[in-house]
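I have placed the structure first, in the form of structure tokens, so that the comments after it can refer back to it.
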Amino acid sequence: MKPTKNLIFLTLSFVFFQSFAIAQDQVVASAREAIRSGNAEKLATHLNEPVELNVRNQKKNYNKVQAEIILKKFFDENPARSFEYDHNTTSRGGLKFMIGTYTCTNGKYRVHMLIKEENGMYKIDMLDIVKE
């Protein structure tokens with residue numbers, strides 16, 4: 001009977017951790033599409049509150065509404081051509097760190113993004129957009 005309990009525990013643990021990984025990957029994919037299309041509104045749905053935002057070396061914590069306005073202005077002034085993740089890693093604590101390249105009509109920007117779990121939801125906790 002004990003091996004059955006262990007198997008059930010392992011199975012439930014696997015399903016639990018897989019659901020977190022899937023949720024995290026959905027945020028990563030959705031954020032990529034939002035940045036790729038220059039959609040500040042869609043990107044803002046994944047932002048933590050507050051979010052640490054650094055756009056053009058103006059680093060500050062913002063609420064979602066403020067961050068969306070800043071991101072919309074950035075995307076309007078720098079229309080997207082492409083965005084791809086160049087590197088990603090996950091810490092032992094479950095933090096996901098992404099580095100990408102945003103290519104626009106005005107050049108290229110390096111994008112750093114930190115995604116963390118809070119209250120069962122994955123949110124972008126930090127977003128840096130810096131000209132290369």
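Scheme for the structure tokens: letters A, B, ... for chains in order shown; per-chain residue numbers from 1; ligand numbers from 1 in order shown.
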Using only C-alpha atoms, I'd like a table of the residues in region 38-110 of chain A that come within 8 Å of region 24-34 of chain A; for each, show the closest atom pair and its distance in Å rounded to one decimal, ordered by chain and ascending number, as CSV.
```
residue,atom,partner,partner_atom,distance
A:Gly38,CA,A:Ala34,CA,5.9
A:Asn39,CA,A:Ala34,CA,4.8
A:Ala40,CA,A:Ala34,CA,6.9
A:Lys42,CA,A:Ala34,CA,5.8
A:Leu43,CA,A:Ala34,CA,5.3
A:His46,CA,A:Val27,CA,6.8
A:Phe83,CA,A:Arg32,CA,6.9
A:Glu84,CA,A:Arg32,CA,7.1
A:Tyr85,CA,A:Arg32,CA,7.7
```
Selected residues written out, C-alpha atoms, as a PDB file, in the first residue's frame:
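File selection22.pdb, as written:
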```
ATOM      1  CA  GLY A  38       4.427  46.480 -30.140  1.00  0.00           C
ATOM      2  CA  ASN A  39       1.259  45.838 -28.138  1.00  0.00           C
ATOM      3  CA  ALA A  40       1.656  47.662 -24.812  1.00  0.00           C
ATOM      4  CA  LYS A  42      -1.303  43.053 -24.084  1.00  0.00           C
ATOM      5  CA  LEU A  43       2.129  43.257 -22.454  1.00  0.00           C
ATOM      6  CA  HIS A  46       1.464  40.322 -17.625  1.00  0.00           C
ATOM      7  CA  PHE A  83      11.669  40.504 -31.259  1.00  0.00           C
ATOM      8  CA  GLU A  84      13.366  37.270 -30.279  1.00  0.00           C
ATOM      9  CA  TYR A  85      14.622  35.828 -27.027  1.00  0.00           C
TER      10      TYR A  85
END
```
ask   = Quick one: residues within 10 Å of region 67-70 of chain A, only C-alpha atoms counted, chain neighbours fewer than 6 positions away excluded, as a ChimeraX atom specification?
value = /A:39-45,47,49-55,60-61,76,127
* as a PyMOL selection string, which residues of chain A does DSSP assign to strand (DSSP E or B)? -> chain A and resi 47-55+58-62+80-90+96-104+107-118+121-131
Exercise. Counting only C-alpha atoms, what is within 8 Å of Asn88 (chain A), bar same-chain residues fewer than 5 positions away, as number ranges by chain?
Worked result: A: 96-99
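For the pair CA of Thr89 (chain A) and CA of Ile115 (chain A), the separation is 10.5 Å.
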Worksheet item: In Å, with one decimal, what is the gap from CA of Tyr122 (chain A) to CA of Gly93 (chain A)?
Response: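 Atom-to-atom, CA of Tyr122 (chain A) and CA of Gly93 (chain A) are spaced 13.0 Å apart.
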- Task: Please measure the separation of CA of Thr103 (chain A) and CA of Ala80 (chain A), giving the value in Å to one decimal.
- Result: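 Separating CA of Thr103 (chain A) from CA of Ala80 (chain A) is a distance of 6.2 Å.
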**Selection: 9 Å around Val130 (chain A), only C-alpha atoms, excl. self and same-chain fewer than 2 positions, as a list in words** =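 After dropping sequence-adjacent residues, the list is Asn54, Val55, Arg56, Asn57, Lys108, Tyr109, Arg110, Val111, His112, Asp128 and Glu132 of chain A.
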Q. Tell me, which residues of region 51-125 of chain A carry DSSP alpha helix (DSSP H), written as a ChimeraX atom specification?
A. /A:64-77
Checklist entry - Which is closer to Leu95 (chain A) than all the others in A:Lys73, A:Lys59, A:Lys123, A:Arg81, using only C-alpha atoms? => result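 Distance minimum relative to Leu95 (chain A) lands on A:Lys123.
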